[in-house]
Every structure is written in C-alpha cells, then in structure tokens.
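A short write-up of the structure that comes next.
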Amino acid sequence: MPRAEFIPKLFLCLRTYSLRTFVADLIAGLTVGLVALPLAMAFAISSGLPPQTGIYTAVVAGFTISAFGGSRFQIGGPTGAFVVVVSSIAAKYGFEGLVVCTIMAGVILVILGVTGMGTAIKFIPRPIIVGFTNGIALLIASTQIRDFFGLRMAQVPAEFLPKMDALATHFSTLSWTATLVGTAALLVLATVRILRPAIPGSIVVLVVATAAVAVFGLPVETIGTRFGSIPSGFPPFAIPSIHWSSLGGLLTPALTIAMLGAIESLMSAAVADRMTGDTHNPNVELIAQGLANIVTPFFGGIPATGAIARTATNIKSGARTPVAGMIHALTLLAILLFAAPLARFIPLAVLAAILLMVAWNMGEWHEIPKLLKLPVSDRAIWATTFFLTVFADLSLAVEVGMIFAALTFILKVTATTTVSEVTPEDVDAGRVHILQDKVVPEYVAVFRIHGPFLFGSTDKIRGIAARIHELPDIVALRLRNMTAIDGTGLLALEDLAREFRDAGKTMIVCGVREQPLELMAGSAFERFIGKENICSDLQHALRRAGELHRSEREMRR
C-alpha cells in the first residue's frame with residue numbers, strides 16, 4: 001500500500017487551513033466538548049468506574065483520534081458500545097486487566113489498519129449490525145435503572161436476567177426525588193430533541209439539575225456522594241503493571257474491544273461521510289483508533305472509539321477539519337483543570353436519564369420493522385445476534401451471526417446458478433433489455449449491477465452516490481444481471497434512492513429478476529422511488545424517463 005494512503009486527514013487539511021476555518025472549528029469544538037462532558041462521565045460510571053476515567057479518555061483519546069485519524073469530523077471517546085464489555089472485564093480482571101486489554105486492543109487495531117483491513121467492515125451484514133446495536137442499547141438502558149429510580153442496592157449483577165431480578169427485588173427502595181429528577185430530565189431531553197434539536201439537551205438538563213441539587217440540597221445521590229470529588233489537574237500518567245503470564249487469558253476480551261472499536265468507529269466515519277459528502281480513510285482511522293487505545297490507558301483512561309452522536313453534533317455545529325475534534329478534547333481538559341470540583345453536585349439520576357436517551361437514539365429501533373419484512377434468513381440472523389448480545393456474550397453474538405450470515409451467503413449465491421437451454425423465445429424476450437439498439441437521451445444516465453448484490457459488495461454502489469450532483473436528473477439502474485440481493489443490498493438501494501430524492505432527482509430500476517423483485521415487494525421498496533419507477537425492462541425504463549422529462553419541462557413553462 002502506498003505510504004501516501006497513511007497520511008492523517010489533519011495533515012491534508014492543514015495545507016489549505018485559514019482563519020475562517022479555524023473560527024468554525026473553534027465553535028464546533030467548544031460545543032461538542034460541552035456535549036461530551038456528561039456522556040464521558042456517564043459511560044465511565046455505567047462501566048463501574050469513577051467518572052474521571054471517562055473524562056481522561058475523552059481528552060487523551062479524543063485528541064489522538066482527531067490528530068491522526070482518517071476522517072475530517074470524527075469525535076473519539078468512551079461510548080455506549082463499550083459499557084457492557086468494560087464493566088465485565090473490570091469485574092473479572094480488575095482495572096489493571098482492563099488497562100492491559102485496552103492496550104492489546106490498540107495494537108490489534110493498528111495491525112488491522114496497517115494491513116489494509118479497514119475495508120473489512122463491509123463484510124458485516126446489516127442484520128448483524130442492527131441486532132448488535134439493539135442488544136447493546138437494551139443492555140445500556142438496563143444499567144441505568146438503579147440510578148434513574150435511586151434504588152438502594154449495594155451491587156448490581158452484570159448478567160441481564162439476574163440484573164433484572166435484582167432490580168425488581170429492590171424496586172420498593174426507590175427514591176421518589178431521584179425518580180422525579182430523572183423523569184423531568186428525560187422529558188426535557190425528549191422535548192428538546194423534537195422541538196429544538198440544535199440545542200444540546202444534555203447540557204441543559206445537566207446544568208439545571210446540578211444547580212437545583214446544589215441550591216436546594218435535594219436528597220438524591222450525586223457523583224460526590226458516591227465517588228467523592230473529581231480530581232483537578234491533567235490526566236495522571238502511570239505505567240501500567242503488565243503480568244505477561246496473564247496475556248493469553250486477556251486476548252479474547254482484547255479482541256472484543258478491538259472488534260467493537262473497529263465497527264463503531266468506521267460506522268461513525270461512514271455516517272459523517274453521508275452527512276458531508278466527504279470520504280474517510282478507513283485504514284488510517286483504524287490506526288488512529290489503535291494509537292488512542294494504546295496511549296489512553298497510560299493516563300487512566302478506558303477503551304475509546306468514534307462516537308456517532310458526538311460526530312454528528314460536531315458536523316451540525318459547523319466543523320470543517322479535525323482541529324474541531326482536538327479543540328473538543330482541549331475544552332474537556334480545561335473543564336478538568338478549572339471546574340472539576342463542581343461535578344460533585346451532578347445527580348446520578350440525570351446522568352442515567354442522559355444515557356437512557358443515548359440508548360434510545362443508538363438502538364436503531366426504526367430498522368426493526370424493515371428487517372421483519374426481509375426473508376426468514378435475515379430475520380434469523382438479526383434475532384440470533386440480538387438475543388446472544390443480551391443474554392450471552394457480545395463476541396459470541398457477532399461470531400455466531402457471522403457464521404450464520406456466511407452460510408446464508410453461500411446458499412444465496414448457489415441459488416443464482418442455473419443451467420438452461422436458450423430458446424428463440426428467450427432471444428426475443430431479451431431484446432427489450434439490451435443496450436445496443438437503444439438511444440439513451442442526455443437527460444438519463446444508465447448504470448448496471450452484475451452478479452449478487454449482497455453484504456460485502458454493497459459499497460460499490462457508493463460510486464454512483466459520489467457523482468450524484470454531476471449526473472442527469474434521471475438515473476436508471478439496470479438490474480437484469482443482478483442475480484440476488486439481501487437485506488444489506490436492499491438497504492443500500494434504499495439509501496441511494498433517498499439520496500437521489502434529496503438531490504431533487506429520480507431513480508428508476510429496471511429488469512429486476514425474480515428473487516430481488518420478491519424481496520423488494522415484501523419490504524415495500526416502491527415507497528422510496530414510486531411503483532411507476534420500477535420497470536420491467538430497459539425499454540420501458542427509457543419510456544418512463546421520457547415521460548418524467550416531458551413533465552418536468554411542462555412544469556418549468
């Protein structure tokens with residue numbers, strides 16, 4: 001791989017950096033830094049660790065990921081995906097074991113990036129990612145029940161079912177004050193998200209609730225009552241104690257951290273690309289994620305990855321380059337240096353409400369109705385991944401889901417192989433599909449997909465999306481030779497259709513074979529492009545394009 005492909009985005013952006021760009025980055029960095037503060041503390045507390053470990057992680061990892069990453073807009077730090085993993089590792093191996101696991105995971109991520117494995121994310125089917133995300137969101141929500149209701153419990157079991165049983169047993173100990181504070185915070189978060197999404201709701205509820213607790217002395221558990229004051233000053237540097245004999249037992253949890261870090265960071269970078277039209281470098285991003293996870297434990301931090309919500313906030317706040325992410329980290333450092341003592345008044349019920357909202361937002365629950373319309377195999381992959389994530393183990397969930405998906409992939413590809421005699425009727429029927437005798441007008445662009453359009457190949461369609469603004473107003477996808485499609489492929493077509501619609505253009509599909517057509521009908525694909533834009537053949541598609549073009553010309557008159 002050429003060495004130029006390993007250049008971080010920051011270095012490329014600095015070539016044309018300007019004062020105007022810096023001002024935009026400064027505003028975005030300050031905004032996302034304030035948004036990240038309660039999340040960083042909440043994720044640490046949910047993992048069974050002191051809140052300052054989350055801030056240390058956001059400062060060190062956030063700065064490293066932005067400085068050396070492959071995305072312009074990525075914001076790194078502790079995330080919800082790691083809560084269950086970190087808490088289980090810390091409970092089993094202690095904080096020192098977690099530190100070693102994090103460093104090992106960082107090394108694995110660097111190796112994946114250097115060897116060009118950053119593109120491997122495309123080989124994870126959509127049902128697995130959704131099932132995995134649904135499961136993690138449910139687990140995160142379950143960890144917040146105690147603090148949200150102020151239950152008096154010495155310890156909460158790590159496993160889901162024993163945890164639910166223990167919470168139910170102690171539910172009679174709830175604090176009405178904590179419940180009211182948490183409920184009010186949750187209502188404010190939901191209202192702000194619906195009515196004023198540009199306002200960082202987490203900051204609003206954090207400031208108001210903390211002020212109320214400090215001024216009125218409300219009888220609720222706070223960071224101070226459980227953990228004491230957050231230490232002021234720079235994240236403390238310490239060389240972790242590594243017992244070489246224990247590395248073998250820590251390899252599996254380290255692989256889990258690396259896998260989660262790779263999946264979430266590359267998903268976050270891909271979301272940023274869709275929001276901005278930029279293109280991230282997945283291998284450079286993995287190297288940066290690896291470096292962050294190697295360095296952060298030396299400063300008392302925990303595993304970190306790209307954070308989708310904070311990255312989206314960064315973009316919406318006007319970020320232009322990775323400098324915004326670095327400013328976000330410096331903002332948190334400034335808070336740590338000058339305002340850390342104030343954190344002791346923050347109510348745990350408010351942090352629980354913030355994480356409940358995070359769990360709801362990250363859960364991708366809107367994907368479930370779509371998945372239920374897919375074939376039984378896709379539904380089974382989703383359900384298996386979801387239930388294993390919740391009731392068994394995160395690593396096992398992805399491993400079993402991938403095995404299941406691989407078997408399904410083989411069956412679908414095998415089913416596309418046919419042997420049949422060519423008849424005169426076949427020759428005549430094929431004339432309406434061929435390009436050679438058709439005139440494609442200048443207001444139409446025709447693309448074709450050959451072969452199975454399954455997970456692992458869907459990224460190839462992004463080449464069309466990258467040219468969306470230079471293409472004509474009508475684009476036809478010729479699917480005569482697309483022999484099969486799965487849920488991930490269908491989602492890619494839906495996303496493409498949505499992008500064309502947002503750009504004021506029309507997408508037509510034509511020549512769809514039996515299996516893809518059946519899947520499209522079952523999932524109501526016509527909602528995205530219109531039933532009249534699903535054509536039986538290319539000849540029909542060109543006629544439909546002509547109708548659309550004439551209608552558009554008449555409207556302009």
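How things are named: the first chain in the structure tokens is A, the next is B, and so on; residues count from 1 in each chain; ligands count from 1 in the order shown.
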**OP:** as a count of residues only, list the residues of stretch 147-232 of chain A assigned to alpha helix (DSSP H) by DSSP on the backbone atoms of this structure.
**Re:** 54
Original post:
Hey, what's within 8 Å of A:Val130 if we count only C-alpha atoms and toss same-chain stuff fewer than 6 positions away? As a PyMOL selection string, please?
Top reply: chain A and resi 363-364+367-368+382
Original post:
Can you tell me, as a PyMOL selection string, what residues are no more than 12 Å from A:Val440 when counting only C-alpha atoms, ignoring any on the same chain fewer than 6 positions away?
Top reply: chain A and resi 434+446-447+472+474-476+538-539+541-543+545-546
Please write the residues from the selection above to a file, keeping N, CA and C atoms, as an mmCIF file, in the first residue's frame.
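Result file again_11.cif:
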```
data_model
loop_
_atom_site.group_PDB
_atom_site.id
_atom_site.type_symbol
_atom_site.label_atom_id
_atom_site.label_comp_id
_atom_site.auth_asym_id
_atom_site.auth_seq_id
_atom_site.Cartn_x
_atom_site.Cartn_y
_atom_site.Cartn_z
ATOM 1 N N ILE A 434 -31.531 -5.213 -23.794
ATOM 2 C CA ILE A 434 -30.187 -4.895 -24.269
ATOM 3 C C ILE A 434 -30.029 -3.398 -24.537
ATOM 4 N N VAL A 446 -27.485 5.648 -17.275
ATOM 5 C CA VAL A 446 -27.814 4.247 -17.019
ATOM 6 C C VAL A 446 -26.631 3.564 -16.338
ATOM 7 N N PHE A 447 -26.883 2.921 -15.213
ATOM 8 C CA PHE A 447 -25.884 2.111 -14.511
ATOM 9 C C PHE A 447 -26.407 0.677 -14.437
ATOM 10 N N PRO A 472 -27.310 13.389 -14.567
ATOM 11 C CA PRO A 472 -28.570 13.978 -15.044
ATOM 12 C C PRO A 472 -29.676 13.829 -14.014
ATOM 13 N N ILE A 474 -32.323 12.128 -14.159
ATOM 14 C CA ILE A 474 -32.907 10.787 -14.117
ATOM 15 C C ILE A 474 -31.789 9.755 -14.234
ATOM 16 N N VAL A 475 -31.769 8.814 -13.311
ATOM 17 C CA VAL A 475 -30.768 7.748 -13.325
ATOM 18 C C VAL A 475 -31.493 6.411 -13.308
ATOM 19 N N ALA A 476 -31.150 5.545 -14.249
ATOM 20 C CA ALA A 476 -31.758 4.218 -14.340
ATOM 21 C C ALA A 476 -30.748 3.160 -13.923
ATOM 22 N N LEU A 538 -35.423 -2.322 -19.796
ATOM 23 C CA LEU A 538 -34.764 -1.058 -20.124
ATOM 24 C C LEU A 538 -35.606 -0.217 -21.066
ATOM 25 N N GLN A 539 -36.251 -0.863 -22.029
ATOM 26 C CA GLN A 539 -37.082 -0.138 -22.985
ATOM 27 C C GLN A 539 -38.195 0.608 -22.259
ATOM 28 N N ALA A 541 -38.093 1.486 -19.099
ATOM 29 C CA ALA A 541 -37.460 2.498 -18.263
ATOM 30 C C ALA A 541 -37.171 3.772 -19.042
ATOM 31 N N LEU A 542 -36.713 3.633 -20.292
ATOM 32 C CA LEU A 542 -36.428 4.806 -21.117
ATOM 33 C C LEU A 542 -37.714 5.550 -21.470
ATOM 34 N N ARG A 543 -38.803 4.806 -21.694
ATOM 35 C CA ARG A 543 -40.094 5.463 -21.944
ATOM 36 C C ARG A 543 -40.530 6.245 -20.702
ATOM 37 N N ALA A 545 -38.589 7.472 -18.404
ATOM 38 C CA ALA A 545 -37.702 8.626 -18.282
ATOM 39 C C ALA A 545 -38.174 9.759 -19.196
ATOM 40 N N GLY A 546 -38.616 9.402 -20.395
ATOM 41 C CA GLY A 546 -39.134 10.408 -21.316
ATOM 42 C C GLY A 546 -40.361 11.099 -20.762
#
```
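A straight line drawn from atom CA of A:Leu139 to atom CA of A:Val390 is 6.5 Å long.
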**OP:** Please indicate the distance in Å from atom CA of A:Ile327 to atom CA of A:Ala28, rounded to one decimal place.
**Re:** 8.4 Å
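Our summary of the geometry notes that atom CA of A:Leu255 is positioned 21.6 Å from atom CA of A:Phe299.
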Original post:
Using only C-alpha atoms, which residues sit within 8 Å of A:Gln515 once same-chain residues fewer than 5 positions away are excluded, as number ranges by chain?
Top reply: A: 483-485
